[in-house]
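Coordinates as given in start_13.pdb (PDB, C-alpha atoms (C1' of nucleotides)):
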```pdb
ATOM      1  CA  SER A   1       0.000   0.000   0.000  1.00  0.00           C
ATOM      2  CA  LYS A   2       1.230   3.489  -0.781  1.00  0.00           C
ATOM      3  CA  SER A   3       1.689   6.278   1.698  1.00  0.00           C
ATOM      4  CA  PRO A   4      -0.795   9.103   1.282  1.00  0.00           C
ATOM      5  CA  GLY A   5       1.920  11.707   1.792  1.00  0.00           C
ATOM      6  CA  PHE A   6      -0.429  13.601   4.019  1.00  0.00           C
ATOM      7  CA  ALA A   7       0.197  15.198   7.385  1.00  0.00           C
ATOM      8  CA  PHE A   8      -2.294  14.213  10.032  1.00  0.00           C
ATOM      9  CA  PRO A   9      -2.718  15.957  13.358  1.00  0.00           C
ATOM     10  CA  ASP A  10       0.017  15.176  15.858  1.00  0.00           C
ATOM     11  CA  TRP A  11      -2.432  13.442  18.125  1.00  0.00           C
ATOM     12  CA  ALA A  12      -3.242  10.965  15.373  1.00  0.00           C
ATOM     13  CA  TYR A  13       0.313   9.664  15.514  1.00  0.00           C
ATOM     14  CA  LYS A  14       0.648   8.510  19.087  1.00  0.00           C
ATOM     15  CA  PRO A  15       2.689   5.331  18.809  1.00  0.00           C
ATOM     16  CA  GLU A  16       1.858   2.403  21.034  1.00  0.00           C
ATOM     17  CA  SER A  17       5.296   2.631  22.596  1.00  0.00           C
ATOM     18  CA  SER A  18       4.958   6.219  23.749  1.00  0.00           C
ATOM     19  CA  PRO A  19       4.290   6.514  27.474  1.00  0.00           C
ATOM     20  CA  GLY A  20       0.731   7.265  28.389  1.00  0.00           C
ATOM     21  CA  SER A  21      -0.426   5.626  25.179  1.00  0.00           C
ATOM     22  CA  ARG A  22      -0.304   2.023  26.249  1.00  0.00           C
ATOM     23  CA  GLN A  23      -3.994   2.277  27.049  1.00  0.00           C
ATOM     24  CA  ILE A  24      -6.563   3.455  24.548  1.00  0.00           C
ATOM     25  CA  GLN A  25      -6.927   7.196  24.327  1.00  0.00           C
ATOM     26  CA  LEU A  26     -10.329   8.763  24.865  1.00  0.00           C
ATOM     27  CA  TRP A  27     -10.302  10.648  21.544  1.00  0.00           C
ATOM     28  CA  HIS A  28      -9.576   7.348  19.816  1.00  0.00           C
ATOM     29  CA  PHE A  29     -12.429   5.640  21.592  1.00  0.00           C
ATOM     30  CA  ILE A  30     -14.757   8.471  20.593  1.00  0.00           C
ATOM     31  CA  LEU A  31     -13.750   8.097  16.935  1.00  0.00           C
ATOM     32  CA  GLU A  32     -14.230   4.374  17.253  1.00  0.00           C
ATOM     33  CA  LEU A  33     -17.837   4.775  18.401  1.00  0.00           C
ATOM     34  CA  LEU A  34     -18.468   7.479  15.804  1.00  0.00           C
ATOM     35  CA  GLN A  35     -17.335   5.095  13.124  1.00  0.00           C
ATOM     36  CA  LYS A  36     -19.865   2.406  13.966  1.00  0.00           C
ATOM     37  CA  GLU A  37     -23.424   2.722  12.812  1.00  0.00           C
ATOM     38  CA  GLU A  38     -24.746   0.680  15.694  1.00  0.00           C
ATOM     39  CA  TYR A  39     -23.853   3.518  18.073  1.00  0.00           C
ATOM     40  CA  GLN A  40     -25.590   6.284  16.159  1.00  0.00           C
ATOM     41  CA  GLY A  41     -28.230   6.478  18.836  1.00  0.00           C
ATOM     42  CA  VAL A  42     -25.492   7.001  21.415  1.00  0.00           C
ATOM     43  CA  ILE A  43     -23.031   9.290  19.670  1.00  0.00           C
ATOM     44  CA  ALA A  44     -23.009  10.618  16.111  1.00  0.00           C
ATOM     45  CA  TRP A  45     -21.574  13.178  13.728  1.00  0.00           C
ATOM     46  CA  GLN A  46     -23.915  16.101  13.593  1.00  0.00           C
ATOM     47  CA  GLY A  47     -23.786  19.706  12.452  1.00  0.00           C
ATOM     48  CA  ASP A  48     -20.505  21.194  11.278  1.00  0.00           C
ATOM     49  CA  TYR A  49     -17.601  19.239   9.926  1.00  0.00           C
ATOM     50  CA  GLY A  50     -15.939  17.300  12.724  1.00  0.00           C
ATOM     51  CA  GLU A  51     -18.762  18.096  15.106  1.00  0.00           C
ATOM     52  CA  PHE A  52     -20.423  15.339  17.054  1.00  0.00           C
ATOM     53  CA  VAL A  53     -23.180  14.991  19.626  1.00  0.00           C
ATOM     54  CA  ILE A  54     -23.211  12.677  22.570  1.00  0.00           C
ATOM     55  CA  LYS A  55     -26.843  11.659  22.441  1.00  0.00           C
ATOM     56  CA  ASP A  56     -26.653   9.336  25.427  1.00  0.00           C
ATOM     57  CA  PRO A  57     -23.950  10.601  27.816  1.00  0.00           C
ATOM     58  CA  ASP A  58     -24.594   7.906  30.411  1.00  0.00           C
ATOM     59  CA  GLU A  59     -24.162   5.165  27.826  1.00  0.00           C
ATOM     60  CA  VAL A  60     -20.974   6.637  26.364  1.00  0.00           C
ATOM     61  CA  ALA A  61     -19.577   6.903  29.873  1.00  0.00           C
ATOM     62  CA  ARG A  62     -20.608   3.341  30.621  1.00  0.00           C
ATOM     63  CA  LEU A  63     -18.903   2.031  27.471  1.00  0.00           C
ATOM     64  CA  TRP A  64     -15.777   4.069  28.218  1.00  0.00           C
ATOM     65  CA  GLY A  65     -15.805   2.683  31.752  1.00  0.00           C
ATOM     66  CA  ILE A  66     -15.993  -0.856  30.449  1.00  0.00           C
ATOM     67  CA  ARG A  67     -13.094  -0.236  28.075  1.00  0.00           C
ATOM     68  CA  LYS A  68     -10.922   1.258  30.772  1.00  0.00           C
ATOM     69  CA  CYS A  69     -12.125  -1.054  33.551  1.00  0.00           C
ATOM     70  CA  LYS A  70     -13.470   1.917  35.479  1.00  0.00           C
ATOM     71  CA  PRO A  71     -16.905   0.788  36.643  1.00  0.00           C
ATOM     72  CA  HIS A  72     -17.607   4.138  38.317  1.00  0.00           C
ATOM     73  CA  MET A  73     -17.086   6.184  35.163  1.00  0.00           C
ATOM     74  CA  ASN A  74     -19.756   8.762  34.430  1.00  0.00           C
ATOM     75  CA  TYR A  75     -20.290  11.733  32.132  1.00  0.00           C
ATOM     76  CA  ASP A  76     -18.984  14.189  34.700  1.00  0.00           C
ATOM     77  CA  LYS A  77     -15.611  12.441  34.722  1.00  0.00           C
ATOM     78  CA  LEU A  78     -15.545  11.685  31.016  1.00  0.00           C
ATOM     79  CA  SER A  79     -16.331  15.274  30.160  1.00  0.00           C
ATOM     80  CA  ARG A  80     -13.466  16.449  32.379  1.00  0.00           C
ATOM     81  CA  ALA A  81     -11.138  14.345  30.232  1.00  0.00           C
ATOM     82  CA  LEU A  82     -12.668  15.884  27.111  1.00  0.00           C
ATOM     83  CA  ARG A  83     -12.047  19.357  28.550  1.00  0.00           C
ATOM     84  CA  TYR A  84      -8.347  18.554  28.873  1.00  0.00           C
ATOM     85  CA  TYR A  85      -8.388  18.196  25.081  1.00  0.00           C
ATOM     86  CA  TYR A  86      -9.228  21.888  24.644  1.00  0.00           C
ATOM     87  CA  ASN A  87      -5.713  23.117  25.371  1.00  0.00           C
ATOM     88  CA  LYS A  88      -4.241  20.253  23.411  1.00  0.00           C
ATOM     89  CA  ARG A  89      -6.284  21.453  20.451  1.00  0.00           C
ATOM     90  CA  ILE A  90      -7.750  18.037  19.850  1.00  0.00           C
ATOM     91  CA  LEU A  91     -11.302  19.129  20.617  1.00  0.00           C
ATOM     92  CA  HIS A  92     -13.311  22.171  21.403  1.00  0.00           C
ATOM     93  CA  LYS A  93     -16.788  22.708  22.723  1.00  0.00           C
ATOM     94  CA  THR A  94     -19.603  23.843  20.485  1.00  0.00           C
ATOM     95  CA  LYS A  95     -21.004  26.499  22.744  1.00  0.00           C
ATOM     96  CA  GLY A  96     -24.707  26.544  23.280  1.00  0.00           C
ATOM     97  CA  LYS A  97     -25.161  23.031  21.971  1.00  0.00           C
ATOM     98  CA  ARG A  98     -25.635  20.486  24.700  1.00  0.00           C
ATOM     99  CA  PHE A  99     -23.228  17.513  24.684  1.00  0.00           C
ATOM    100  CA  THR A 100     -21.733  18.769  21.438  1.00  0.00           C
ATOM    101  CA  TYR A 101     -17.992  18.876  20.730  1.00  0.00           C
ATOM    102  CA  LYS A 102     -15.902  19.305  17.636  1.00  0.00           C
ATOM    103  CA  PHE A 103     -12.668  17.719  16.518  1.00  0.00           C
ATOM    104  CA  ASN A 104     -10.024  20.181  15.366  1.00  0.00           C
ATOM    105  CA  PHE A 105      -9.404  18.452  12.065  1.00  0.00           C
ATOM    106  CA  SER A 106      -9.945  21.467   9.862  1.00  0.00           C
ATOM    107  CA  LYS A 107      -7.528  23.807  11.580  1.00  0.00           C
ATOM    108  CA  VAL A 108      -4.633  21.392  11.277  1.00  0.00           C
ATOM    109  CA  VAL A 109      -5.429  20.749   7.644  1.00  0.00           C
ATOM    110  CA  LEU A 110      -5.591  24.431   6.837  1.00  0.00           C
ATOM    111  CA  VAL A 111      -2.361  25.168   8.667  1.00  0.00           C
ATOM    112  CA  ASN A 112      -0.399  22.402   6.983  1.00  0.00           C
ATOM    113  CA  TYR A 113      -2.109  22.405   3.604  1.00  0.00           C
ATOM    114  CA  PRO A 114      -3.576  25.788   2.729  1.00  0.00           C
ATOM    115  CA  ILE A 115      -4.246  24.699  -0.840  1.00  0.00           C
ATOM    116  CA  LEU A 116      -6.007  21.475  -0.018  1.00  0.00           C
ATOM    117  CA  ASP A 117      -9.763  21.815  -0.103  1.00  0.00           C
ATOM    118  CA  MET A 118     -11.657  20.509   2.863  1.00  0.00           C
ATOM    119  CA  GLY A 119     -13.552  17.758   1.172  1.00  0.00           C
ATOM    120  CA  GLN A 120     -15.996  15.533   3.002  1.00  0.00           C
ATOM    121  CA  ASN A 121     -13.541  12.734   2.413  1.00  0.00           C
ATOM    122  CA  TYR A 122     -11.019  14.038   4.904  1.00  0.00           C
ATOM    123  CA  MET A 123     -12.761  12.538   7.902  1.00  0.00           C
ATOM    124  CA  SER A 124     -13.005   9.025   6.497  1.00  0.00           C
ATOM    125  CA  PHE A 125      -9.510   9.363   5.092  1.00  0.00           C
ATOM    126  CA  CYS A 126      -8.206  10.236   8.533  1.00  0.00           C
ATOM    127  CA  LEU A 127     -10.057   7.328  10.104  1.00  0.00           C
ATOM    128  CA  ILE A 128      -8.728   4.908   7.519  1.00  0.00           C
ATOM    129  CA  CYS A 129      -5.218   6.144   8.170  1.00  0.00           C
ATOM    130  CA  ILE A 130      -5.564   5.719  11.911  1.00  0.00           C
ATOM    131  CA  LYS A 131      -6.873   2.209  11.318  1.00  0.00           C
ATOM    132  CA  LYS A 132      -3.941   1.329   9.096  1.00  0.00           C
ATOM    133  CA  ARG A 133      -1.470   2.555  11.659  1.00  0.00           C
ATOM    134  CA  LYS A 134      -3.212   0.563  14.335  1.00  0.00           C
ATOM    135  CA  LYS A 135      -2.905  -2.630  12.285  1.00  0.00           C
ATOM    136  CA  LYS A 136       0.737  -1.889  11.679  1.00  0.00           C
ATOM    137  CA  TYR A 137       1.382  -1.829  15.409  1.00  0.00           C
ATOM    138  CA  ILE A 138      -0.592  -4.988  16.061  1.00  0.00           C
ATOM    139  CA  ASN A 139       1.355  -7.025  13.504  1.00  0.00           C
TER     140      ASN A 139
ATOM    141  C1'  DC B   1     -24.661  21.612  32.027  1.00  0.00           C
ATOM    142  C1'  DA B   2     -20.060  23.300  31.447  1.00  0.00           C
ATOM    143  C1'  DC B   3     -15.685  24.889  33.271  1.00  0.00           C
ATOM    144  C1'  DG B   4     -11.147  24.284  35.305  1.00  0.00           C
ATOM    145  C1'  DG B   5      -8.167  23.712  39.792  1.00  0.00           C
ATOM    146  C1'  DA B   6      -6.189  20.279  42.581  1.00  0.00           C
ATOM    147  C1'  DA B   7      -4.753  15.786  44.223  1.00  0.00           C
ATOM    148  C1'  DC B   8      -4.110  11.333  42.739  1.00  0.00           C
ATOM    149  C1'  DA B   9      -3.293   7.000  39.790  1.00  0.00           C
ATOM    150  C1'  DT B  10      -0.861   4.499  36.225  1.00  0.00           C
TER     151       DT B  10
ATOM    152  C1'  DA C   1       1.643  12.275  30.082  1.00  0.00           C
ATOM    153  C1'  DT C   2      -3.329  11.019  30.060  1.00  0.00           C
ATOM    154  C1'  DG C   3      -6.624  10.527  32.347  1.00  0.00           C
ATOM    155  C1'  DT C   4      -9.683   9.725  37.129  1.00  0.00           C
ATOM    156  C1'  DT C   5     -11.811  11.529  41.087  1.00  0.00           C
ATOM    157  C1'  DC C   6     -13.754  15.275  43.482  1.00  0.00           C
ATOM    158  C1'  DC C   7     -15.620  19.577  43.792  1.00  0.00           C
ATOM    159  C1'  DG C   8     -16.404  24.875  43.929  1.00  0.00           C
ATOM    160  C1'  DT C   9     -18.194  28.253  40.619  1.00  0.00           C
ATOM    161  C1'  DG C  10     -21.312  30.291  37.204  1.00  0.00           C
TER     162       DG C  10
END
```

The structure given in the file should be rewritten as structure tokens.
Amino acid sequence: SKSPGFAFPDWAYKPESSPGSRQIQLWHFILELLQKEEYQGVIAWQGDYGEFVIKDPDEVARLWGIRKCKPHMNYDKLSRALRYYYNKRILHKTKGKRFTYKFNFSKVVLVNYPILDMGQNYMSFCLICIKKRKKKYIN
DNA sequence: CACGGAACAT
DNA sequence: ATGTTCCGTG
């Protein structure tokens, strides 16, 4: 397979070996749910590009808790972790919209590739790339 | 709800 | 470092 020759956000390149990345990252888990149609009643892309709504906060927290073996996880705690992403420029809050956040895909793209148009394909392209990298580390 | 400080865990 | 837990503030 050929390399896309495309710069993804820094946070999309956290190698398995890097400390603090041995466990699954929350942003990765969020993308994982977003990717699966069976969770569209729980969390889904909605509104602007990169924007998603947590339709069932309790359920997302429950699933995250299962993944991390934290049975007492809840939305209060999960959302605190999401808020730490603001300064890291991974996410930001869509103000005024309840349970709505937005991935900072676009900004990174525009900074690194001013010419590149922001097609709808970028999101799926990014997800595919993350997937590929994941496989690479597993093998 | 949403925010962010602080202490703590891994 | 990346969260988890707890909590005061608006």

Requested in this report: Report the residues retrieved by the PyMOL selection byres ((chain A) within 12 of (chain B)) from the displayed file, expressed as a ChimeraX atom specification.
Outcome: /A:19-23,57,68,75-76,79-84,86-87,93-101

File dump, residues just selected, C-alpha atoms, as an mmCIF file, in the coordinates of the input:
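Saved the output as selection-v3.cif:
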```cif
data_model
loop_
_atom_site.group_PDB
_atom_site.id
_atom_site.type_symbol
_atom_site.label_atom_id
_atom_site.label_comp_id
_atom_site.auth_asym_id
_atom_site.auth_seq_id
_atom_site.Cartn_x
_atom_site.Cartn_y
_atom_site.Cartn_z
ATOM 1 C CA PRO A 19 4.290 6.514 27.474
ATOM 2 C CA GLY A 20 0.731 7.265 28.389
ATOM 3 C CA SER A 21 -0.426 5.626 25.179
ATOM 4 C CA ARG A 22 -0.304 2.023 26.249
ATOM 5 C CA GLN A 23 -3.994 2.277 27.049
ATOM 6 C CA PRO A 57 -23.950 10.601 27.816
ATOM 7 C CA LYS A 68 -10.922 1.258 30.772
ATOM 8 C CA TYR A 75 -20.290 11.733 32.132
ATOM 9 C CA ASP A 76 -18.984 14.189 34.700
ATOM 10 C CA SER A 79 -16.331 15.274 30.160
ATOM 11 C CA ARG A 80 -13.466 16.449 32.379
ATOM 12 C CA ALA A 81 -11.138 14.345 30.232
ATOM 13 C CA LEU A 82 -12.668 15.884 27.111
ATOM 14 C CA ARG A 83 -12.047 19.357 28.550
ATOM 15 C CA TYR A 84 -8.347 18.554 28.873
ATOM 16 C CA TYR A 86 -9.228 21.888 24.644
ATOM 17 C CA ASN A 87 -5.713 23.117 25.371
ATOM 18 C CA LYS A 93 -16.788 22.708 22.723
ATOM 19 C CA THR A 94 -19.603 23.843 20.485
ATOM 20 C CA LYS A 95 -21.004 26.499 22.744
ATOM 21 C CA GLY A 96 -24.707 26.544 23.280
ATOM 22 C CA LYS A 97 -25.161 23.031 21.971
ATOM 23 C CA ARG A 98 -25.635 20.486 24.700
ATOM 24 C CA PHE A 99 -23.228 17.513 24.684
ATOM 25 C CA THR A 100 -21.733 18.769 21.438
ATOM 26 C CA TYR A 101 -17.992 18.876 20.730
#
```

Residues of chain C that approach chain A to 9 Å or less, counting all atoms listed in the file: could you list each one with the shortest pair of atoms and its distance in Å to one decimal, rows by chain and increasing residue number, as CSV?
```
residue,atom,partner,partner_atom,distance
C:DA1,C1',A:Gly20,CA,5.4
C:DT2,C1',A:Gly20,CA,5.8
C:DG3,C1',A:Ala81,CA,6.3
C:DT4,C1',A:Lys77,CA,7.0
C:DT5,C1',A:Lys77,CA,7.5
```

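Counting from atom CA of Lys55 of chain A, the distance to atom CA of Gln35 of chain A is 14.8 Å.
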
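Here atom CA of Gln46 of chain A is placed at a distance of 22.4 Å from atom CA of Lys88 of chain A.
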
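Put simply, atom CA of Glu59 of chain A is 14.5 Å away from atom CA of Glu32 of chain A.
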
Would you fill out segment 72-94 of chain A with N, CA, C and O atoms and return it as a short mmCIF file (atom, residue, chain, number, x, y, z; two decimals), keeping the file's coordinate frame?
```
data_model
loop_
_atom_site.label_atom_id
_atom_site.label_comp_id
_atom_site.auth_asym_id
_atom_site.auth_seq_id
_atom_site.Cartn_x
_atom_site.Cartn_y
_atom_site.Cartn_z
N HIS A 72 -16.93 2.96 37.77
CA HIS A 72 -17.61 4.14 38.32
C HIS A 72 -17.51 5.34 37.39
O HIS A 72 -17.75 6.47 37.81
N MET A 73 -17.15 5.10 36.14
CA MET A 73 -17.09 6.18 35.16
C MET A 73 -18.48 6.78 34.96
O MET A 73 -19.47 6.08 34.98
N ASN A 74 -18.50 8.08 34.76
CA ASN A 74 -19.76 8.76 34.43
C ASN A 74 -19.46 9.94 33.51
O ASN A 74 -18.29 10.21 33.21
N TYR A 75 -20.51 10.64 33.09
CA TYR A 75 -20.29 11.73 32.13
C TYR A 75 -19.53 12.89 32.76
O TYR A 75 -18.76 13.57 32.07
N ASP A 76 -19.72 13.12 34.02
CA ASP A 76 -18.98 14.19 34.70
C ASP A 76 -17.47 13.98 34.56
O ASP A 76 -16.74 14.90 34.22
N LYS A 77 -17.04 12.77 34.80
CA LYS A 77 -15.61 12.44 34.72
C LYS A 77 -15.13 12.39 33.28
O LYS A 77 -14.05 12.90 32.94
N LEU A 78 -15.93 11.76 32.43
CA LEU A 78 -15.54 11.68 31.02
C LEU A 78 -15.42 13.07 30.40
O LEU A 78 -14.47 13.36 29.68
N SER A 79 -16.35 13.93 30.74
CA SER A 79 -16.33 15.27 30.16
C SER A 79 -15.14 16.08 30.67
O SER A 79 -14.62 16.95 29.96
N ARG A 80 -14.68 15.79 31.89
CA ARG A 80 -13.47 16.45 32.38
C ARG A 80 -12.27 16.08 31.50
O ARG A 80 -11.43 16.92 31.16
N ALA A 81 -12.21 14.80 31.12
CA ALA A 81 -11.14 14.34 30.23
C ALA A 81 -11.26 15.02 28.87
O ALA A 81 -10.25 15.42 28.28
N LEU A 82 -12.47 15.19 28.39
CA LEU A 82 -12.67 15.88 27.11
C LEU A 82 -12.20 17.33 27.21
O LEU A 82 -11.62 17.87 26.28
N ARG A 83 -12.44 17.95 28.37
CA ARG A 83 -12.05 19.36 28.55
C ARG A 83 -10.53 19.52 28.52
O ARG A 83 -10.03 20.55 28.11
N TYR A 84 -9.81 18.50 28.97
CA TYR A 84 -8.35 18.55 28.87
C TYR A 84 -7.89 18.59 27.41
O TYR A 84 -6.77 19.00 27.12
N TYR A 85 -8.74 18.17 26.50
CA TYR A 85 -8.39 18.20 25.08
C TYR A 85 -8.44 19.60 24.49
O TYR A 85 -7.91 19.83 23.41
N TYR A 86 -9.10 20.53 25.19
CA TYR A 86 -9.23 21.89 24.64
C TYR A 86 -7.86 22.53 24.44
O TYR A 86 -7.56 23.03 23.37
N ASN A 87 -7.04 22.51 25.47
CA ASN A 87 -5.71 23.12 25.37
C ASN A 87 -4.80 22.35 24.43
O ASN A 87 -3.88 22.92 23.84
N LYS A 88 -5.05 21.08 24.32
CA LYS A 88 -4.24 20.25 23.41
C LYS A 88 -4.69 20.41 21.97
O LYS A 88 -4.10 19.82 21.06
N ARG A 89 -5.78 21.16 21.78
CA ARG A 89 -6.28 21.45 20.45
C ARG A 89 -6.78 20.22 19.71
O ARG A 89 -6.77 20.17 18.48
N ILE A 90 -7.16 19.23 20.46
CA ILE A 90 -7.75 18.04 19.85
C ILE A 90 -9.24 18.26 19.65
O ILE A 90 -9.80 17.89 18.62
N LEU A 91 -9.86 18.86 20.64
CA LEU A 91 -11.30 19.13 20.62
C LEU A 91 -11.58 20.56 21.03
O LEU A 91 -10.73 21.20 21.65
N HIS A 92 -12.78 21.00 20.70
CA HIS A 92 -13.31 22.17 21.40
C HIS A 92 -14.81 22.02 21.57
O HIS A 92 -15.42 21.17 20.92
N LYS A 93 -15.36 22.80 22.43
CA LYS A 93 -16.79 22.71 22.72
C LYS A 93 -17.55 23.56 21.72
O LYS A 93 -17.13 24.65 21.38
N THR A 94 -18.68 23.03 21.27
CA THR A 94 -19.60 23.84 20.48
C THR A 94 -20.52 24.52 21.48
O THR A 94 -21.38 23.90 22.08
#
```
